[in-house]
Structures are given as C-alpha cells and as structure tokens.
file target-v3.txt (compact mmCIF, C-alpha atoms)
# COMPACT_ATOMS: atom_id res chain seq x y z
CA MET A 348 85.40 125.79 134.85
CA TYR A 349 88.91 126.19 136.09
CA PRO A 350 91.75 123.70 136.13
CA PRO A 351 93.26 122.94 139.53
CA ARG A 352 96.21 125.18 140.45
CA PHE A 353 99.53 124.37 138.82
CA GLU A 354 102.96 125.85 138.30
CA TYR A 355 103.58 127.13 134.80
CA SER A 356 106.82 127.51 132.87
CA ALA A 357 107.36 128.67 129.33
CA PRO A 358 110.95 127.77 128.50
CA ARG A 359 112.65 129.35 125.50
CA SER A 360 115.01 126.51 124.61
CA LEU A 361 114.78 122.73 124.42
CA GLU A 362 117.60 122.40 126.98
CA GLU A 363 115.69 124.54 129.43
CA ALA A 364 112.50 122.53 128.83
CA LEU A 365 114.29 119.20 129.35
CA ASP A 366 115.90 120.48 132.58
CA LEU A 367 112.47 121.48 133.84
CA LEU A 368 110.93 118.14 132.86
CA ALA A 369 113.75 116.29 134.62
CA GLU A 370 113.19 118.38 137.72
CA VAL A 371 109.41 117.96 137.92
CA GLY A 372 109.40 114.28 136.85
CA ASP A 373 106.05 112.53 137.12
CA GLU A 374 104.36 115.66 138.44
CA GLY A 375 104.93 117.52 135.23
CA ARG A 376 103.16 117.55 131.88
CA VAL A 377 104.12 119.04 128.57
CA LEU A 378 101.64 121.60 127.27
CA ALA A 379 101.59 121.91 123.48
CA GLY A 380 98.22 122.63 121.83
CA GLY A 381 96.41 121.85 125.07
CA GLN A 382 93.22 120.86 123.25
CA SER A 383 92.96 117.57 125.16
CA LEU A 384 94.98 118.32 128.28
CA LEU A 385 93.24 121.57 129.28
CA PRO A 386 89.71 120.13 128.98
CA MET A 387 90.82 117.14 131.07
CA MET A 388 92.25 119.47 133.69
CA LYS A 389 89.06 121.57 133.70
CA LEU A 390 87.03 118.40 134.26
CA ARG A 391 89.52 117.39 136.98
CA LEU A 392 90.43 114.20 135.13
CA ALA A 393 94.05 115.35 135.18
CA ALA A 394 95.85 117.49 137.73
CA PRO A 395 99.52 117.90 136.86
CA ALA A 396 101.40 120.01 139.40
CA HIS A 397 103.55 121.66 136.75
CA LEU A 398 102.89 122.51 133.11
CA VAL A 399 105.87 122.97 130.84
CA ASP A 400 104.58 124.99 127.88
CA ILE A 401 106.68 124.11 124.83
CA ASN A 402 105.02 126.60 122.46
CA ARG A 403 107.95 129.00 122.63
CA LEU A 404 110.64 126.42 121.81
CA PRO A 405 112.34 127.03 118.47
CA GLY A 406 112.57 124.43 115.71
CA LEU A 407 109.70 122.12 116.67
CA GLY A 408 107.13 123.53 114.28
CA SER A 409 108.41 122.11 111.03
CA ILE A 410 107.65 119.19 108.74
CA THR A 411 110.77 117.88 107.00
CA ASP A 412 111.64 115.23 104.46
CA THR A 413 114.61 113.20 105.71
CA ASN A 414 116.02 109.77 104.80
CA GLY A 415 112.88 108.21 103.48
CA GLU A 416 110.78 109.59 106.32
CA ILE A 417 108.62 112.61 106.97
CA SER A 418 109.40 114.18 110.32
CA ILE A 419 106.61 116.03 112.08
CA GLY A 420 107.79 118.32 114.89
CA ALA A 421 106.13 118.60 118.29
CA LEU A 422 104.53 121.98 117.48
CA VAL A 423 103.04 121.04 114.11
CA ARG A 424 99.29 121.69 114.35
CA HIS A 425 96.65 119.41 112.82
CA ALA A 426 95.79 122.22 110.39
CA ASP A 427 99.41 122.28 109.16
CA VAL A 428 99.32 118.54 108.45
CA ALA A 429 96.18 119.06 106.35
CA THR A 430 97.80 121.66 104.09
CA ASP A 431 101.54 120.93 104.06
CA PRO A 432 102.85 120.08 100.55
CA THR A 433 105.46 117.59 101.85
CA VAL A 434 102.75 115.66 103.70
CA ALA A 435 100.49 115.78 100.65
CA ALA A 436 103.28 114.41 98.42
CA HIS A 437 104.75 111.75 100.70
CA ALA A 438 102.15 110.90 103.33
CA PRO A 439 98.83 111.49 101.55
CA LEU A 440 96.97 109.32 104.05
CA LEU A 441 97.85 111.79 106.83
CA ALA A 442 96.85 114.77 104.70
CA ALA A 443 93.50 113.13 103.95
CA ALA A 444 92.88 112.21 107.60
CA ALA A 445 93.85 115.55 109.16
CA PRO A 446 90.56 117.34 108.30
CA TRP A 447 88.74 114.62 110.28
CA ILE A 448 90.48 115.56 113.53
CA ALA A 449 88.15 117.50 115.86
CA ASP A 450 86.98 120.79 114.26
CA PRO A 451 88.74 123.61 112.35
CA LEU A 452 89.36 125.73 115.46
CA VAL A 453 90.82 122.86 117.47
CA ARG A 454 92.95 121.93 114.45
CA ASN A 455 94.49 125.43 114.49
CA ARG A 456 95.82 124.77 117.95
CA GLY A 457 96.13 121.03 118.68
CA THR A 458 99.26 119.15 117.66
CA LEU A 459 99.79 115.75 116.05
CA CYS A 460 102.60 114.84 118.47
CA GLY A 461 100.46 115.88 121.44
CA SER A 462 97.64 113.67 120.26
CA VAL A 463 100.06 110.76 119.76
CA ALA A 464 101.47 111.25 123.27
CA HIS A 465 98.01 111.57 124.82
CA CYS A 466 97.13 107.95 123.90
CA ASP A 467 93.39 108.52 124.10
CA PRO A 468 91.89 105.39 122.49
CA GLU A 469 89.31 107.71 120.89
CA GLY A 470 92.06 109.79 119.28
CA ASP A 471 92.47 109.33 115.54
CA TRP A 472 96.19 109.86 114.97
CA ASN A 473 97.46 106.78 116.74
CA SER A 474 95.39 104.49 114.51
CA LEU A 475 96.96 106.15 111.48
CA MET A 476 100.42 105.93 113.03
CA LEU A 477 99.94 102.23 113.79
CA ALA A 478 98.71 101.56 110.24
CA VAL A 479 101.69 103.26 108.57
CA GLY A 480 104.30 102.13 111.11
CA ALA A 481 105.41 105.49 112.52
CA THR A 482 108.26 106.06 114.96
CA VAL A 483 108.12 108.36 117.99
CA VAL A 484 111.22 110.36 118.90
CA ALA A 485 111.49 110.91 122.66
CA THR A 486 114.01 113.35 124.07
CA SER A 487 115.25 113.88 127.60
CA ARG A 488 118.36 115.31 129.23
CA GLU A 489 119.90 111.86 128.81
CA GLY A 490 119.49 111.96 125.04
CA THR A 491 117.15 110.83 122.32
CA ARG A 492 115.56 107.46 121.66
CA THR A 493 113.23 106.26 118.94
CA ILE A 494 110.22 104.15 119.86
CA PRO A 495 108.13 102.21 117.30
CA ILE A 496 104.54 103.39 117.62
CA ALA A 497 103.30 99.90 118.50
CA ASP A 498 105.54 99.99 121.59
CA PHE A 499 104.76 103.63 122.34
CA VAL A 500 100.99 103.10 122.65
CA VAL A 501 100.97 101.08 125.86
CA ASP A 502 97.41 101.28 127.16
CA PHE A 503 94.45 103.52 128.00
CA PHE A 504 95.96 107.07 128.16
CA THR A 505 99.35 105.45 128.76
CA ASN A 506 102.42 105.93 126.60
CA ALA A 507 105.96 104.56 126.87
CA LEU A 508 107.58 107.87 127.86
CA ARG A 509 109.77 107.88 130.94
CA PRO A 510 109.62 110.74 133.44
CA GLY A 511 111.66 113.63 132.07
CA GLU A 512 111.05 112.67 128.44
CA MET A 513 108.99 114.50 125.86
CA VAL A 514 107.95 113.70 122.30
CA THR A 515 109.96 115.98 120.02
CA GLU A 516 108.88 114.49 116.70
CA VAL A 517 106.97 111.70 115.02
CA ARG A 518 108.45 110.09 111.90
CA VAL A 519 106.32 108.57 109.21
CA PRO A 520 107.72 106.40 106.39
CA LYS A 521 107.32 108.01 102.97
CA ALA A 522 104.51 106.39 101.03
CA GLY A 523 106.51 105.41 97.94
CA PRO A 524 105.09 103.69 94.85
CA ARG A 525 102.26 101.12 94.93
CA THR A 526 101.06 102.41 98.30
CA GLY A 527 97.56 103.36 99.36
CA GLY A 528 95.55 104.00 102.48
CA ALA A 529 92.31 105.26 103.96
CA TYR A 530 90.99 106.56 107.26
CA LEU A 531 87.28 106.00 107.64
CA LYS A 532 85.70 107.69 110.61
CA LEU A 533 82.10 107.50 111.74
CA GLU A 534 81.19 110.46 113.92
CA ARG A 535 77.85 111.80 115.10
CA LYS A 536 78.86 115.35 114.30
CA ILE A 537 82.02 117.26 113.48
CA GLY A 538 84.11 117.65 116.60
CA ASP A 539 82.76 114.54 118.30
CA TYR A 540 85.05 111.63 119.00
CA ALA A 541 84.87 108.75 116.56
CA THR A 542 82.10 106.25 117.12
CA VAL A 543 84.42 104.00 115.13
CA GLY A 544 87.56 104.81 113.14
CA VAL A 545 89.47 102.44 110.87
CA ALA A 546 92.89 103.15 109.36
CA THR A 547 94.06 100.90 106.54
CA HIS A 548 97.33 100.98 104.65
CA LEU A 549 98.68 98.71 101.88
CA ARG A 550 101.87 98.45 99.88
CA LEU A 551 101.99 96.12 96.89
CA ASP A 552 105.08 94.47 95.43
CA GLU A 553 105.89 94.63 91.74
CA SER A 554 103.78 91.56 91.01
CA GLY A 555 100.76 93.16 92.70
CA ARG A 556 100.81 91.03 95.86
CA ILE A 557 100.47 92.65 99.26
CA ALA A 558 103.96 93.38 100.58
CA GLN A 559 102.90 95.33 103.65
CA ALA A 560 99.58 95.84 105.42
CA GLY A 561 98.49 98.05 108.28
CA ILE A 562 95.09 98.03 110.00
CA ALA A 563 94.30 99.90 113.22
CA LEU A 564 91.08 100.84 114.98
CA THR A 565 89.87 103.89 116.94
CA SER A 566 87.34 103.97 119.82
CA VAL A 567 86.75 100.21 119.99
CA ALA A 568 89.32 99.06 122.58
CA PRO A 569 91.13 100.48 125.64
CA LYS A 570 93.82 101.70 123.23
CA ASN A 571 94.14 102.27 119.50
CA LEU A 572 94.15 98.70 118.30
CA LYS A 573 96.58 97.34 115.72
CA VAL A 574 94.99 94.25 114.18
CA THR A 575 98.16 92.22 113.67
CA GLU A 576 96.33 88.99 112.85
CA ALA A 577 94.50 90.63 109.96
CA GLU A 578 97.69 92.30 108.73
CA GLU A 579 99.49 88.93 108.68
CA LEU A 580 96.58 87.36 106.85
CA LEU A 581 96.99 89.89 104.03
CA VAL A 582 100.76 89.97 103.57
CA GLY A 583 102.14 87.81 100.74
CA ASN A 584 98.74 87.31 99.16
CA GLU A 585 97.03 88.46 96.01
CA PRO A 586 94.46 91.13 96.99
CA SER A 587 90.85 90.04 96.54
CA ASP A 588 87.41 90.88 97.89
CA GLU A 589 87.33 87.50 99.67
CA LEU A 590 90.67 88.15 101.35
CA PHE A 591 89.57 91.63 102.45
CA ALA A 592 86.30 90.23 103.81
CA GLU A 593 88.28 87.71 105.83
CA ALA A 594 90.59 90.41 107.21
CA ALA A 595 87.55 92.54 108.08
CA GLU A 596 86.06 89.60 109.94
CA VAL A 597 89.24 89.27 111.98
CA ALA A 598 89.16 93.00 112.81
CA ALA A 599 85.51 92.75 113.89
CA ARG A 600 86.30 89.72 116.04
CA THR A 601 89.40 91.32 117.60
CA CYS A 602 87.94 94.70 118.61
CA GLN A 603 86.45 95.22 122.06
CA PRO A 604 83.77 97.89 121.69
CA THR A 605 81.53 98.92 124.58
CA SER A 606 77.96 100.18 124.41
CA ASP A 607 77.64 103.89 125.13
CA VAL A 608 75.88 107.05 123.90
CA ARG A 609 77.46 106.55 120.49
CA GLY A 610 75.84 103.17 119.98
CA PRO A 611 75.64 99.55 121.09
CA ALA A 612 78.76 97.37 120.96
CA GLU A 613 77.37 95.12 118.22
CA TYR A 614 76.68 98.12 115.99
CA LYS A 615 80.26 99.31 116.41
CA ARG A 616 81.56 95.85 115.64
CA ALA A 617 79.52 95.80 112.44
CA VAL A 618 80.94 99.21 111.48
CA VAL A 619 84.48 97.90 112.09
CA ARG A 620 83.77 95.03 109.68
CA THR A 621 82.31 97.27 106.98
CA TYR A 622 84.91 100.02 107.30
CA THR A 623 87.85 97.61 107.31
CA GLU A 624 86.65 96.00 104.11
CA ARG A 625 85.84 99.36 102.51
CA GLY A 626 89.13 100.89 103.67
CA LEU A 627 91.17 98.01 102.26
CA ARG A 628 89.41 98.35 98.91
CA ARG A 629 90.17 102.07 98.84
CA ALA A 630 93.78 101.46 99.84
CA LEU A 631 94.12 98.91 97.05
CA ALA A 632 92.60 101.21 94.44
CA GLU A 633 95.04 103.95 95.46
CA ALA A 634 98.01 101.55 95.45
CA ARG A 635 97.07 100.47 91.93
CA GLY A 636 96.75 104.08 90.84
CA GLU A 637 93.00 103.70 90.25
CA ALA A 638 91.84 106.04 93.02
CA MET B 300 102.58 135.94 136.17
CA GLN B 301 102.92 139.04 134.05
CA ILE B 302 101.69 138.95 130.46
CA THR B 303 101.54 141.49 127.66
CA VAL B 304 98.84 141.04 125.07
CA THR B 305 97.65 143.22 122.22
CA VAL B 306 93.88 143.08 121.88
CA ASN B 307 92.17 144.97 119.05
CA GLY B 308 95.24 147.16 118.69
CA THR B 309 95.59 148.10 122.36
CA THR B 310 98.45 146.62 124.38
CA TYR B 311 97.65 145.45 127.89
CA THR B 312 100.06 144.30 130.58
CA SER B 313 98.43 142.28 133.34
CA ASP B 314 99.25 140.00 136.21
CA VAL B 315 97.36 136.70 135.88
CA GLU B 316 97.22 133.37 137.65
CA PRO B 317 98.52 130.59 135.32
CA ARG B 318 95.15 128.82 135.37
CA ARG B 319 93.23 131.91 134.19
CA LEU B 320 91.55 131.01 130.92
CA LEU B 321 92.04 133.36 128.00
CA VAL B 322 88.28 133.85 127.63
CA ASP B 323 87.95 134.97 131.26
CA TYR B 324 90.95 137.24 130.94
CA ILE B 325 89.34 138.91 127.92
CA ARG B 326 85.89 139.17 129.49
CA ASN B 327 86.63 139.87 133.14
CA ASP B 328 90.06 141.51 133.23
CA LEU B 329 89.74 143.52 130.03
CA GLY B 330 85.96 143.93 130.17
CA LEU B 331 85.49 142.81 126.56
CA THR B 332 82.32 140.81 127.05
CA GLY B 333 81.52 140.43 123.35
CA THR B 334 83.37 137.11 123.43
CA HIS B 335 80.95 134.62 124.95
CA ILE B 336 81.32 131.51 127.07
CA GLY B 337 79.00 128.75 125.96
CA CYS B 338 79.86 125.14 126.65
CA ASP B 339 83.26 125.80 128.29
CA THR B 340 84.36 122.40 126.88
CA THR B 341 85.79 123.25 123.42
CA SER B 342 82.58 122.18 121.69
CA CYS B 343 80.43 125.21 120.84
CA GLY B 344 82.75 127.93 119.53
CA ALA B 345 81.00 130.86 121.27
CA CYS B 346 84.39 131.89 122.70
CA THR B 347 86.13 132.00 119.31
CA LEU B 348 88.59 134.84 118.81
CA ILE B 349 91.49 135.41 116.43
CA MET B 350 94.89 134.79 117.99
CA ASP B 351 97.92 135.58 115.81
CA GLY B 352 95.77 135.37 112.72
CA LYS B 353 94.01 132.10 113.46
CA PRO B 354 90.55 131.50 114.90
CA VAL B 355 90.78 129.51 118.14
CA LYS B 356 88.58 128.58 121.10
CA SER B 357 89.61 130.83 123.98
CA CYS B 358 88.04 128.61 126.67
CA THR B 359 90.79 126.08 125.94
CA ILE B 360 93.80 128.37 126.00
CA LEU B 361 95.45 129.77 129.11
CA ALA B 362 95.87 133.54 129.31
CA VAL B 363 99.58 133.00 130.02
CA GLN B 364 99.88 131.22 126.67
CA ALA B 365 98.71 134.39 124.95
CA ASP B 366 101.68 136.37 126.30
CA GLY B 367 103.15 138.34 123.40
CA SER B 368 100.34 137.55 121.00
CA GLU B 369 97.96 139.65 118.99
CA ILE B 370 94.27 139.06 119.51
CA ARG B 371 91.17 140.27 117.75
CA THR B 372 87.74 139.96 119.30
CA VAL B 373 84.32 140.90 118.00
CA GLU B 374 84.79 144.41 119.44
CA GLY B 375 87.71 144.83 117.04
CA LEU B 376 85.69 144.22 113.87
CA LYS B 377 84.29 147.75 113.63
CA ARG B 378 86.58 150.32 111.98
CA ASP B 379 86.24 154.11 112.25
CA GLY B 380 82.68 153.82 113.43
CA GLN B 381 81.76 151.65 110.45
CA LEU B 382 80.54 148.08 110.87
CA HIS B 383 82.75 145.38 109.33
CA PRO B 384 81.17 143.80 106.21
CA ILE B 385 80.54 140.65 108.24
CA GLN B 386 78.57 142.60 110.85
CA LYS B 387 76.50 144.34 108.18
CA ALA B 388 75.86 141.05 106.39
CA PHE B 389 74.73 139.26 109.56
CA LYS B 390 72.25 142.11 110.12
CA GLU B 391 71.02 142.20 106.53
CA HIS B 392 70.74 138.42 106.11
CA HIS B 393 69.24 137.78 109.53
CA GLY B 394 72.28 135.67 110.43
CA LEU B 395 71.30 135.63 114.07
CA GLN B 396 68.32 135.18 116.30
CA CYS B 397 69.34 135.05 119.98
CA GLY B 398 72.86 136.28 119.16
CA PHE B 399 74.75 134.02 121.51
CA CYS B 400 76.86 132.24 118.90
CA THR B 401 77.17 135.36 116.73
CA PRO B 402 80.53 136.73 117.93
CA GLY B 403 82.16 133.35 117.34
CA MET B 404 80.47 132.91 113.97
CA MET B 405 81.56 136.38 112.87
CA MET B 406 85.15 135.83 113.96
CA VAL B 407 85.36 132.53 112.06
CA GLY B 408 83.56 134.07 109.10
CA SER B 409 85.82 137.13 108.98
CA ALA B 410 88.94 134.95 109.16
CA LEU B 411 87.61 132.82 106.30
CA ILE B 412 86.74 135.65 103.92
CA GLU B 413 90.04 137.39 104.53
CA GLN B 414 91.74 134.26 103.18
CA ASN B 415 89.09 133.38 100.64
CA PRO B 416 86.59 136.16 99.86
CA ARG B 417 84.44 133.97 97.63
CA PRO B 418 83.99 130.74 99.56
CA SER B 419 81.53 128.15 98.30
CA GLU B 420 78.64 127.17 100.52
CA GLU B 421 80.52 123.98 101.40
CA GLU B 422 83.66 125.90 102.33
CA VAL B 423 81.64 128.16 104.64
CA ARG B 424 79.88 125.22 106.27
CA TRP B 425 83.22 123.49 106.73
CA ALA B 426 84.77 126.65 108.27
CA ILE B 427 81.96 127.10 110.79
CA SER B 428 81.77 123.41 111.66
CA GLY B 429 83.37 124.06 115.07
CA ASN B 430 80.67 126.61 115.96
CA ILE B 431 77.19 125.69 117.09
CA CYS B 432 74.04 127.77 116.53
CA ARG B 433 70.80 126.60 118.10
CA CYS B 434 68.45 129.13 116.45
CA THR B 435 68.97 129.78 112.77
CA GLY B 436 69.56 126.43 111.16
CA TYR B 437 72.79 127.92 109.75
CA GLN B 438 71.25 128.87 106.40
CA ASN B 439 71.37 132.61 107.01
CA ILE B 440 74.76 132.45 108.69
CA VAL B 441 76.18 130.86 105.55
CA ALA B 442 74.43 133.45 103.36
CA ALA B 443 75.75 136.29 105.53
CA ILE B 444 79.36 135.08 105.40
CA GLN B 445 79.20 134.69 101.62
CA ALA B 446 77.65 138.16 101.21
CA ALA B 447 80.32 139.71 103.45
CA GLY B 448 83.01 138.03 101.38
CA ARG B 449 81.53 139.47 98.20
CA GLU B 450 81.52 142.94 99.70
CA LEU B 451 85.11 142.57 100.86
CA ALA B 452 86.19 141.37 97.40
CA GLU B 453 84.39 144.23 95.63
CA ARG B 454 86.03 146.75 97.90
CA GLY B 455 89.36 145.26 96.78

call {"tool": "encode", "arguments": {"input": "target-v3.txt", "output": "structure tokens"}}
result
Amino acid sequence: MYPPRFEYSAPRSLEEALDLLAEVGDEGRVLAGGQSLLPMMKLRLAAPAHLVDINRLPGLGSITDTNGEISIGALVRHADVATDPTVAAHAPLLAAAAPWIADPLVRNRGTLCGSVAHCDPEGDWNSLMLAVGATVVATSREGTRTIPIADFVVDFFTNALRPGEMVTEVRVPKAGPRTGGAYLKLERKIGDYATVGVATHLRLDESGRIAQAGIALTSVAPKNLKVTEAEELLVGNEPSDELFAEAAEVAARTCQPTSDVRGPAEYKRAVVRTYTERGLRRALAEARGEA
Amino acid sequence: MQITVTVNGTTYTSDVEPRRLLVDYIRNDLGLTGTHIGCDTTSCGACTLIMDGKPVKSCTILAVQADGSEIRTVEGLKRDGQLHPIQKAFKEHHGLQCGFCTPGMMMVGSALIEQNPRPSEEEVRWAISGNICRCTGYQNIVAAIQAAGRELAERG
C-alpha cells in the first residue's frame, strides 16, 4: 500500500521548518514518528500535500525538568518516556503508562507529542495528559503559545493548532508529594487500540482530603473525555470507597461508547465504571505511599 | 530525492520517490528480500529491521526518512560465513515453521540479546509482542532467543 503522492521536506532547523509550515498552511502536516500518520495515508484516510519531516531538527529530543514541570520535546519517542529517569522520578504515571502504548517497535519510533497532536480518541496519551493537566506548547513563525490540554483536544482528530503551527513540546506538572495515578487499559492484544482506557490522578492535601482530581477516558467518546463532573465531585472530600463508586458512576454515565468489534457499548460502559473505581483506589494508595 | 543509506555495512546512494516505503526500498531497490511484508499496517512485525540500533517496522517508515542512517536486515546477521547465534538457535530450537515471521523475530531477538543476553521468558515475550507468528505458538521462538542470548553471553 502506498500513500498518495506528496512533497517532502526535511528541514535542518526549527526556523526552516516553521517557514515551510507557514508556506504550506493547511495542506501541510508535520511528520515525526509517523506511526499514526503514515498508516492513515496508506489507507487514504489522510492525504496531506506536503510532509515536513521534523526528525532532523536539533533540540527536540530531550526531556527536561524546568520550573515545576517536565518538558517533553517533539521528538521524544514513547520508548524514551518509558525509561527516562526524570519521567520516572517526577511523572511516574507517564512512565507506567508508556509501555501500554502500541507495541515495542512502534514505541521506538512514535512520539508522545505526535500522539497528543493527532487527537485520535483511541490514543492513550491524551487521556493521561487530561488527567494530569498538561500544557501543549505550539510554535509558529509568529511565536510560541501555551495551550491547556483541555483546550487543545477539540474533537475527533481535531486539535487547536492554527495553520503554520507545530507542537514543539508538552509540559507535565511534576507529581510532587501526596500524588498518585493509574492508567488502566483494556486491550484485546498488545498493539491493538484500547477497548477502554481510564486515566486517574489524585493529589491529597496535608489533611488527606482530595485537593486535585483528574479522570479521563480513552476510546469511549469522539475525543479523549475529561470527566469534569466526577473530578468536581471528588475535590475537597475525604477519599472513600463510596465516593469513588459515585465518581465511577458519573464516568460511566458521561461516556459515549459505541458497539464495535471490540465489544458492545454497554460492556464498555461497565468497564469504564470498574476501571474508574479501581484506578482511583490505586491512585489513592500511591498518594498515601501505600502502593 | 537522493538518499544515502548504509545497509549491512554497504553504503547505497539511490534516487527515490518520497512515498517509497523503506521496506520496498530494501526489497525492490536493493534486492534484499529477506525482510518480509506481512500486514503492511504496522501490526505484524514481518518487516522489522534495525535502524540506527533500534528495531522498527519498515512498512511504516519512508525510505527518505532513512537518509543517512545505518540499517541491519536479516541478511546482515551472518558473519564470515558463520550463522549468527540467533539463526543457529532458531534452527536448533525449531523456532520457525513456515518462516514468514522469522526475519522479524530474529531481528527483534538479536536486538534484545545484544542489550540483555539473559532475558527472562517474560522479557522475551514482551520484546516480541509487536511480532506475530501464526505457526509456532511462540514457545520455541522464546526458547530460541533465550538460547541465542546464552551463547552470546558465553562467547563474551
């Protein structure tokens, strides 16, 4: 299978890449790992006229610890996230989730930022980013702007980038004390998309109450779904099994699964309920240092 | 577009269309047909080769992206007329039946044991989880990779 014909550029500097993106506008696409884009092009689901390959740009392949955040550059591969010591120390939820992305060979090539930008509702990273409250850094010739992930994920395969912009990094808040999280993914086999994925994240205050809560769902809505109502239900309260069950009920009610080869909608809804409850319990145990 | 790629130690300079897939470049332009095309959708791993030290699926990489890189395919495993330990182990442990997935399995396996010559069964199964075999039930593939690792470690 061949992708439709396209123009290809492999710029050597960010400036050159941004000039090209400005020039090609809507007709252009950034090529990073290509593990989602190339299959879509081969299946003729996408047909960009111009690919701007960013793999030769310097400085985008690093993970850095800056101002209370972990910055993940546009060329950081999933495999790097799984093994990086900074991620392990300050964003353990990401390190634990990374081995659940696709398969080992895809993880050697695919990038976290690419997956975030792709906005496939069956992609795992955006649920994690929504749960931890990540920020996307978008760069164009006009400059740089930061976009909260909840605003970045607009809809089905639709992000908030403007023509001429590219994602240069994703920033994740450092976990800090009394923080815990989980990503629970049901998949038929390794490498398949999630049947259901649930990301949960909790931060407790010094008295043990929930100071911050994040819940987001994969593969059960037209986009990765942040369950704000359940998050609000949790914040300010003492954690308990009853409270978690209530939040899980809200998540199950809010999601919009469809029946497909991976299972009937009601099954997926039941998995959302179970995984949300289970994920919150795991997040709590980790936040209390019991995990 | 002109690209220069080093495959199994030989440097090739070729003119390719941007949409040429790396696997087709390797098979059709360079004639190295040991790398197979299975699903063509990043699922099966038959097209696995080592690019700049990492196993990747060559049906989902453009040949132009490989410009300047170093690639090893199954043809590059043999050294001085001697089979690589992974090739010997697949033969001895009956790690293949039809042989279609074998080049990909051996490339992943060789990359694993070079990093970790004594992988546990779980580590092997995890490493080959992006490669599909429809004949063996994986048991003998796992045994072969572990045996090859042992041989590599003993050789020092």

call {"tool": "closest_atom_pairs", "arguments": {"input": "target-v3.txt", "of": "chain A", "to": "chain B", "cutoff": "9 Å", "atoms": "only C-alpha atoms", "output": "tab-separated table"}}
result
residue	atom	partner	partner_atom	distance
A:Met348	CA	B:Asp339	CA	6.9
A:Tyr349	CA	B:Arg318	CA	6.8
A:Pro350	CA	B:Arg318	CA	6.2
A:Pro351	CA	B:Arg318	CA	7.4
A:Arg352	CA	B:Arg318	CA	6.3
A:Phe353	CA	B:Arg318	CA	7.1
A:Glu354	CA	B:Pro317	CA	7.1
A:Tyr355	CA	B:Pro317	CA	6.2
A:Ala357	CA	B:Gln364	CA	8.3
A:Gly380	CA	B:Ile360	CA	8.4
A:Gly381	CA	B:Ile360	CA	7.1
A:Gln382	CA	B:Thr359	CA	6.4
A:Ser383	CA	B:Thr359	CA	8.8
A:Leu385	CA	B:Thr359	CA	6.1
A:Pro386	CA	B:Thr340	CA	6.2
A:Lys389	CA	B:Thr340	CA	8.3
A:Leu390	CA	B:Thr340	CA	8.8
A:Asp400	CA	B:Gln364	CA	7.9
A:Asn402	CA	B:Gln364	CA	8.1
A:Ala449	CA	B:Gly429	CA	8.2
A:Asp450	CA	B:Gly429	CA	4.9
A:Pro451	CA	B:Gly429	CA	6.0
A:Leu452	CA	B:Val355	CA	4.8
A:Val453	CA	B:Val355	CA	6.7
A:Arg454	CA	B:Val355	CA	8.7
A:Asn455	CA	B:Val355	CA	6.6
A:Arg456	CA	B:Val355	CA	6.9
A:Lys536	CA	B:Ser428	CA	9.0
A:Ile537	CA	B:Ser428	CA	6.4
A:Gly538	CA	B:Gly429	CA	6.6
A:Asp539	CA	B:Ser342	CA	8.4

call {"tool": "write_last_selection", "arguments": {"input": "target-v3.txt", "atoms": "C-alpha atoms", "output": "CSV table (one decimal), in the frame of the given file"}}
result
chain,number,residue,atom,x,y,z
A,348,MET,CA,85.4,125.8,134.8
A,349,TYR,CA,88.9,126.2,136.1
A,350,PRO,CA,91.8,123.7,136.1
A,351,PRO,CA,93.3,122.9,139.5
A,352,ARG,CA,96.2,125.2,140.4
A,353,PHE,CA,99.5,124.4,138.8
A,354,GLU,CA,103.0,125.8,138.3
A,355,TYR,CA,103.6,127.1,134.8
A,357,ALA,CA,107.4,128.7,129.3
A,380,GLY,CA,98.2,122.6,121.8
A,381,GLY,CA,96.4,121.8,125.1
A,382,GLN,CA,93.2,120.9,123.2
A,383,SER,CA,93.0,117.6,125.2
A,385,LEU,CA,93.2,121.6,129.3
A,386,PRO,CA,89.7,120.1,129.0
A,389,LYS,CA,89.1,121.6,133.7
A,390,LEU,CA,87.0,118.4,134.3
A,400,ASP,CA,104.6,125.0,127.9
A,402,ASN,CA,105.0,126.6,122.5
A,449,ALA,CA,88.2,117.5,115.9
A,450,ASP,CA,87.0,120.8,114.3
A,451,PRO,CA,88.7,123.6,112.4
A,452,LEU,CA,89.4,125.7,115.5
A,453,VAL,CA,90.8,122.9,117.5
A,454,ARG,CA,93.0,121.9,114.4
A,455,ASN,CA,94.5,125.4,114.5
A,456,ARG,CA,95.8,124.8,118.0
A,536,LYS,CA,78.9,115.4,114.3
A,537,ILE,CA,82.0,117.3,113.5
A,538,GLY,CA,84.1,117.6,116.6
A,539,ASP,CA,82.8,114.5,118.3

call {"tool": "closest_atom_pairs", "arguments": {"input": "target-v3.txt", "of": "segment 405-476 of chain A", "to": "segment 550-573 of chain A", "cutoff": "9 Å", "atoms": "all atoms listed in the file", "output": "Markdown table"}}
result
| residue | atom | partner | partner_atom | distance |
| --- | --- | --- | --- | --- |
| A:Cys466 | CA | A:Lys570 | CA | 7.1 |
| A:Asp467 | CA | A:Lys570 | CA | 6.9 |
| A:Pro468 | CA | A:Lys570 | CA | 4.2 |
| A:Glu469 | CA | A:Ser566 | CA | 4.4 |
| A:Gly470 | CA | A:Thr565 | CA | 6.7 |
| A:Asp471 | CA | A:Thr565 | CA | 6.2 |
| A:Trp472 | CA | A:Thr565 | CA | 8.9 |
| A:Asn473 | CA | A:Asn571 | CA | 6.2 |
| A:Ser474 | CA | A:Ala563 | CA | 4.9 |
| A:Leu475 | CA | A:Ala563 | CA | 7.0 |
| A:Met476 | CA | A:Ala563 | CA | 8.6 |

call {"tool": "closest_residue", "arguments": {"input": "target-v3.txt", "among": "A:Arg509, A:Arg535, A:His548, A:Arg492", "to": "Glu633 of chain A", "atoms": "only C-alpha atoms"}}
result
A:His548

call {"tool": "residues_near_point", "arguments": {"input": "target-v3.txt", "point": "(82.3, 103.9, 114.3)", "cutoff": "10 Å", "atoms": "only C-alpha atoms", "output": "list in words"}}
result
Leu531, Lys532, Leu533, Glu534, Arg535, Tyr540, Ala541, Thr542, Val543, Gly544, Val545, Leu564, Thr565, Ser566, Val567, Pro604, Arg609, Gly610, Ala612, Tyr614, Lys615, Arg616, Ala617, Val618, Val619, Thr621 and Tyr622 of chain A

call {"tool": "residues_around", "arguments": {"input": "target-v3.txt", "residues": "Ser418 of chain A", "least_positions_apart": "2", "cutoff": "8 Å", "atoms": "all atoms listed in the file", "output": "list in words"}}
result
Ile410, Thr411, Asp412, Thr413, Glu416, Gly420, Glu516, Val517, Arg518 and Val519 of chain A
